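Structure, as C-alpha cells:
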Amino acid sequence: MSLERIQEKWTRFSVRKRDQTRNLEHFHESINLVLAVLLGVLVSFGIIGPAWADLRADKPTILITGSNRGLGLEFARQYAAKGWNVIATCRRPEEAEDLKALALEQSQVVIEKVDVTSDADVAALALKYRDQPVDILLNNAGIYGDVKKQKMGALEFDELEKVFAVNTFGPLRMSQAFLENVAVSEQKKIISLGGGIGTPRIGPLVPDDYFFKMSKAAHLMAMATLQAKVRKRGIIVSMISPGMVATQHLVDSGYTGKSISAAESAALVIEQIGRLDDSLGGKLINYNGKITPY
Ligand SMILES: NC(=O)c1ccc[n+]([C@@H]2O[C@H](COP(=O)([O-])OP(=O)(O)OC[C@H]3O[C@@H](n4cnc5c(N)ncnc54)[C@H](OP(=O)(O)O)[C@@H]3O)[C@@H](O)[C@H]2O)c1
C-alpha cells in the first residue's frame with residue numbers, strides 16, 4: 001500500500017472518529033437537557049422536592065446551631081434517633097464529617113450552612129425554610145473565647161466583641177429570624193444553652209473569664225425579654241445549663257475537674273426540653289431539672 005493510500009485511510013478514520021465523538025457529545029447534552037427539564041417539571045408539580053423536602057410533615061422539627069461537633073452533634077444524633085426532622089446547621093458543612101455521616105444514615109437530617117454571626121447566612125436560611133414550622137429552635141452554638149484575653153490586667157476588648165457576636169447576638173439573631181416558624185409549630189420552643197455562669201451568684205465563683213460570663217449574662221437578659229414578648233403566643237423561651245460537658249468548649253475554658261459526656265448531657269437536656277411548659281418559660285434550668293434563679 002502506498003504512503004498516500006495509508007494517509008488517506010488514516011484521515012478518513014480520524015474524521016469518522018471525530019464525528020462519532022461529536023455525536024456522543026450531542027447525545028449527552030440532549031440527555032442532560034431532557035433530565036433538567038424533567039427535574040424542573042417534577043419539582044414545580046411538587047412530585048419531588050429539593051433537598052429539604054426530606055423533612056416529613058408528620059414529624060416535629062428541630063433547628064440546631066453549631067451541630068457539627070460537641071453537644072450540637074449529640075442533639076442532632078439523639079433527635080434524629082427519635083424520628084425528628086433535624087435541620088442541622090454549622091459554619092462549614094463541607095468539613096462536618098460526623099454530621100455528614102449522620103445525614104447519610106438518617107434522611108430526615110438536613111445540613112445547612114449557618115454562621116450565627118452572619119446576617120446574610122441567617123436570612124438565607126430563614127428564606128429557604130419560610131414555610132417550615134420549627135418546633136424547637138435550639139441555640140447551641142457558642143464559644144468560650146481566649147481565656148488569656150479575658151483576665152484583669154490583660155483584657156483585650158476585640159475578644160469581647162467576638163464572644164458576644166456568637167453567644168449573645170447569635171441566639172437573638174436566630175430567634176428573630178425563626179420566630180414565626182416557631183410560632184406556627186406544635187411545640188413552640190426556643191431554647192438556648194448555658195447561662196448559670198452568667199448569673200451574679202455563680203459567675204464570680206470562677207475567677208476572670210469576664211467576656212464569656214458577660215456574654216451569657218446578656219444572653220439571659222435577651223432571652224428573658226423575648227419570653228415576655230412572646231408568652232401570649234404560647235411560645236416558651238428557656239435557657240438550659242448542660243452541666244460541665246467534656247467538649248472542646250470545656251478544654252478552651254481550662255477547666256480540668258469532673259465532667260459528663262456530650263451524649264449524657266444531651267440526653268438530660270432533651271428530657272428537660274420535653275417537660276417544658278409555660279410555667280418554665282423564661283427560666284434558667286439546670287440539666288438535672290433544678291431552676292437556677294437569676
Ligand atoms: N461544654 C460545657 O461544659 C458547656 C457548659 C455550659 C454551656 N455550654 C454551652 O453549650 C453550647 C455548646 O457547647 P459545646 O460544649 O458543644 O462546645 P463545642 O464542642 O466547642 O462546640 C461549639 C459549637 O459551636 C459552633 N460555633 C462556634 N462559633 C460559631 C458561629 N459563629 N456560628 C455557628 N456555629 C458556631 C462550633 O462550630 P465550629 O466547629 O465551626 O467552630 C461548634 O459546633 C455552647 O453554647 C456553650 O456555651 C457548654
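In the C-alpha cells, chains take letters A, B, ... by order of appearance, with residues numbered from 1 within each chain and ligands from 1 in the order shown.
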- Extract, using only C-alpha atoms, all DNA, RNA and protein residues at most 10 Å from A:Gly254, discarding same-chain residues fewer than 6 positions from it, and format them as a list of chain:residue names. A:Tyr144, A:Asp146, A:Val147
- Item | Test item: residues lying within 8 Å of ligand 1 with only C-alpha atoms and all ligand atoms, as a ChimeraX atom specification | /A:65-73,89-92,114-118,139-144,165-167,170,192-197,216,241-250,252,259,262
- Query: Using only C-alpha atoms, which residue out of A:Ser238, A:Gln150, A:Thr11, A:Thr61 lies closest to A:Asp209?
  - Reply: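 Closest to A:Asp209 of all the choices is A:Gln150.
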- Query: Could you pull out the helix (DSSP H, G or I) residues of stretch 45-241 of chain A from DSSP and send them as a ChimeraX atom specification?
  - Reply: /A:51-54,70-81,93-95,97-105,119-128,147-150,157-183,196-198,203-205,210-233
Go ahead and save the picked residues with C-alpha atoms, as a short mmCIF file (atom, residue, chain, number, x, y, z; two decimals), in the first residue's frame.
```
data_model
loop_
_atom_site.label_atom_id
_atom_site.label_comp_id
_atom_site.auth_asym_id
_atom_site.auth_seq_id
_atom_site.Cartn_x
_atom_site.Cartn_y
_atom_site.Cartn_z
CA ALA A 51 -33.09 18.55 49.48
CA TRP A 52 -35.03 19.93 52.44
CA ALA A 53 -38.18 18.12 51.30
CA ASP A 54 -36.82 15.06 53.13
CA GLY A 70 -19.81 18.62 70.75
CA LEU A 71 -23.30 18.96 72.20
CA GLY A 72 -24.80 20.17 68.92
CA LEU A 73 -23.81 16.98 67.13
CA GLU A 74 -25.23 14.90 70.00
CA PHE A 75 -28.53 16.78 69.87
CA ALA A 76 -28.70 16.14 66.13
CA ARG A 77 -28.00 12.42 66.67
CA GLN A 78 -30.46 11.97 69.50
CA TYR A 79 -33.35 13.92 67.96
CA ALA A 80 -32.80 12.09 64.66
CA ALA A 81 -32.90 8.76 66.52
CA PRO A 93 -20.76 21.78 56.15
CA GLU A 94 -18.02 20.63 53.76
CA GLU A 95 -15.81 19.77 56.76
CA GLU A 97 -17.69 14.70 58.54
CA ASP A 98 -19.61 13.31 61.55
CA LEU A 99 -22.70 15.27 60.62
CA LYS A 100 -22.48 14.15 57.01
CA ALA A 101 -22.27 10.54 58.20
CA LEU A 102 -25.41 11.09 60.30
CA ALA A 103 -27.28 12.65 57.37
CA LEU A 104 -26.35 9.65 55.23
CA GLU A 105 -27.83 7.30 57.83
CA ASP A 119 -26.93 38.30 58.94
CA ALA A 120 -26.68 37.00 55.37
CA ASP A 121 -26.39 33.32 56.40
CA VAL A 122 -29.30 33.54 58.82
CA ALA A 123 -31.51 35.48 56.40
CA ALA A 124 -30.80 32.99 53.58
CA LEU A 125 -31.74 30.05 55.80
CA ALA A 126 -34.90 31.77 57.03
CA LEU A 127 -35.92 32.44 53.43
CA LYS A 128 -35.29 28.87 52.39
CA VAL A 147 -9.08 32.93 78.34
CA LYS A 148 -5.74 34.78 78.19
CA LYS A 149 -7.56 37.79 76.75
CA GLN A 150 -10.22 37.77 79.47
CA PHE A 157 -11.78 44.07 74.06
CA ASP A 158 -11.87 42.86 70.50
CA GLU A 159 -12.16 39.37 72.05
CA LEU A 160 -15.24 40.53 73.95
CA GLU A 161 -16.81 41.54 70.63
CA LYS A 162 -16.09 38.08 69.18
CA VAL A 163 -17.57 36.27 72.18
CA PHE A 164 -20.66 38.49 72.23
CA ALA A 165 -21.15 38.09 68.48
CA VAL A 166 -21.57 34.32 68.87
CA ASN A 167 -23.04 33.84 72.36
CA THR A 168 -25.33 36.86 72.67
CA PHE A 169 -26.14 38.26 69.23
CA GLY A 170 -26.23 34.79 67.64
CA PRO A 171 -29.20 33.39 69.62
CA LEU A 172 -31.03 36.71 69.33
CA ARG A 173 -30.48 36.88 65.57
CA MET A 174 -31.63 33.27 65.11
CA SER A 175 -34.66 33.79 67.38
CA GLN A 176 -35.75 36.85 65.44
CA ALA A 177 -35.30 35.12 62.09
CA PHE A 178 -37.20 31.94 63.06
CA LEU A 179 -39.78 33.34 65.47
CA GLU A 180 -42.67 32.87 63.04
CA ASN A 181 -41.53 29.32 62.18
CA VAL A 182 -41.66 28.50 65.89
CA ALA A 183 -44.99 30.31 66.34
CA GLY A 196 -25.52 29.69 85.01
CA ILE A 197 -22.06 31.22 84.70
CA GLY A 198 -23.75 34.47 83.64
CA GLY A 203 -20.19 33.63 87.82
CA PRO A 204 -17.89 35.11 90.48
CA LEU A 205 -17.11 31.59 91.80
CA TYR A 210 -15.05 38.22 82.02
CA PHE A 211 -16.18 38.09 78.42
CA PHE A 212 -17.67 34.61 78.45
CA LYS A 213 -19.61 35.32 81.65
CA MET A 214 -20.77 38.73 80.40
CA SER A 215 -21.93 37.23 77.10
CA LYS A 216 -24.02 34.61 78.88
CA ALA A 217 -25.46 37.21 81.31
CA ALA A 218 -26.51 39.44 78.40
CA HIS A 219 -27.90 36.40 76.63
CA LEU A 220 -30.09 35.64 79.66
CA MET A 221 -31.46 39.17 79.54
CA ALA A 222 -32.12 38.94 75.80
CA MET A 223 -33.97 35.64 76.10
CA ALA A 224 -35.97 36.70 79.18
CA THR A 225 -37.06 39.83 77.32
CA LEU A 226 -38.05 37.72 74.33
CA GLN A 227 -40.06 35.40 76.60
CA ALA A 228 -42.04 38.35 77.94
CA LYS A 229 -42.81 39.44 74.39
CA VAL A 230 -43.98 36.08 73.03
CA ARG A 231 -45.60 34.38 76.02
CA LYS A 232 -49.11 35.33 74.91
CA ARG A 233 -48.49 33.49 71.63
#
```
- Query: Between A:Ile64, A:Pro293, A:Gly153, A:Lys59, which is the closest to A:Gln108 once you count only C-alpha atoms?
  - Reply: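 Result for the nearest residue to A:Gln108: A:Lys59.
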- Query: Closest to A:Asp208 among A:Arg16, A:Arg56, A:Lys151, A:Arg22, using only C-alpha atoms?
  - Reply: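 Among the listed residues, A:Lys151 lies closest to A:Asp208.
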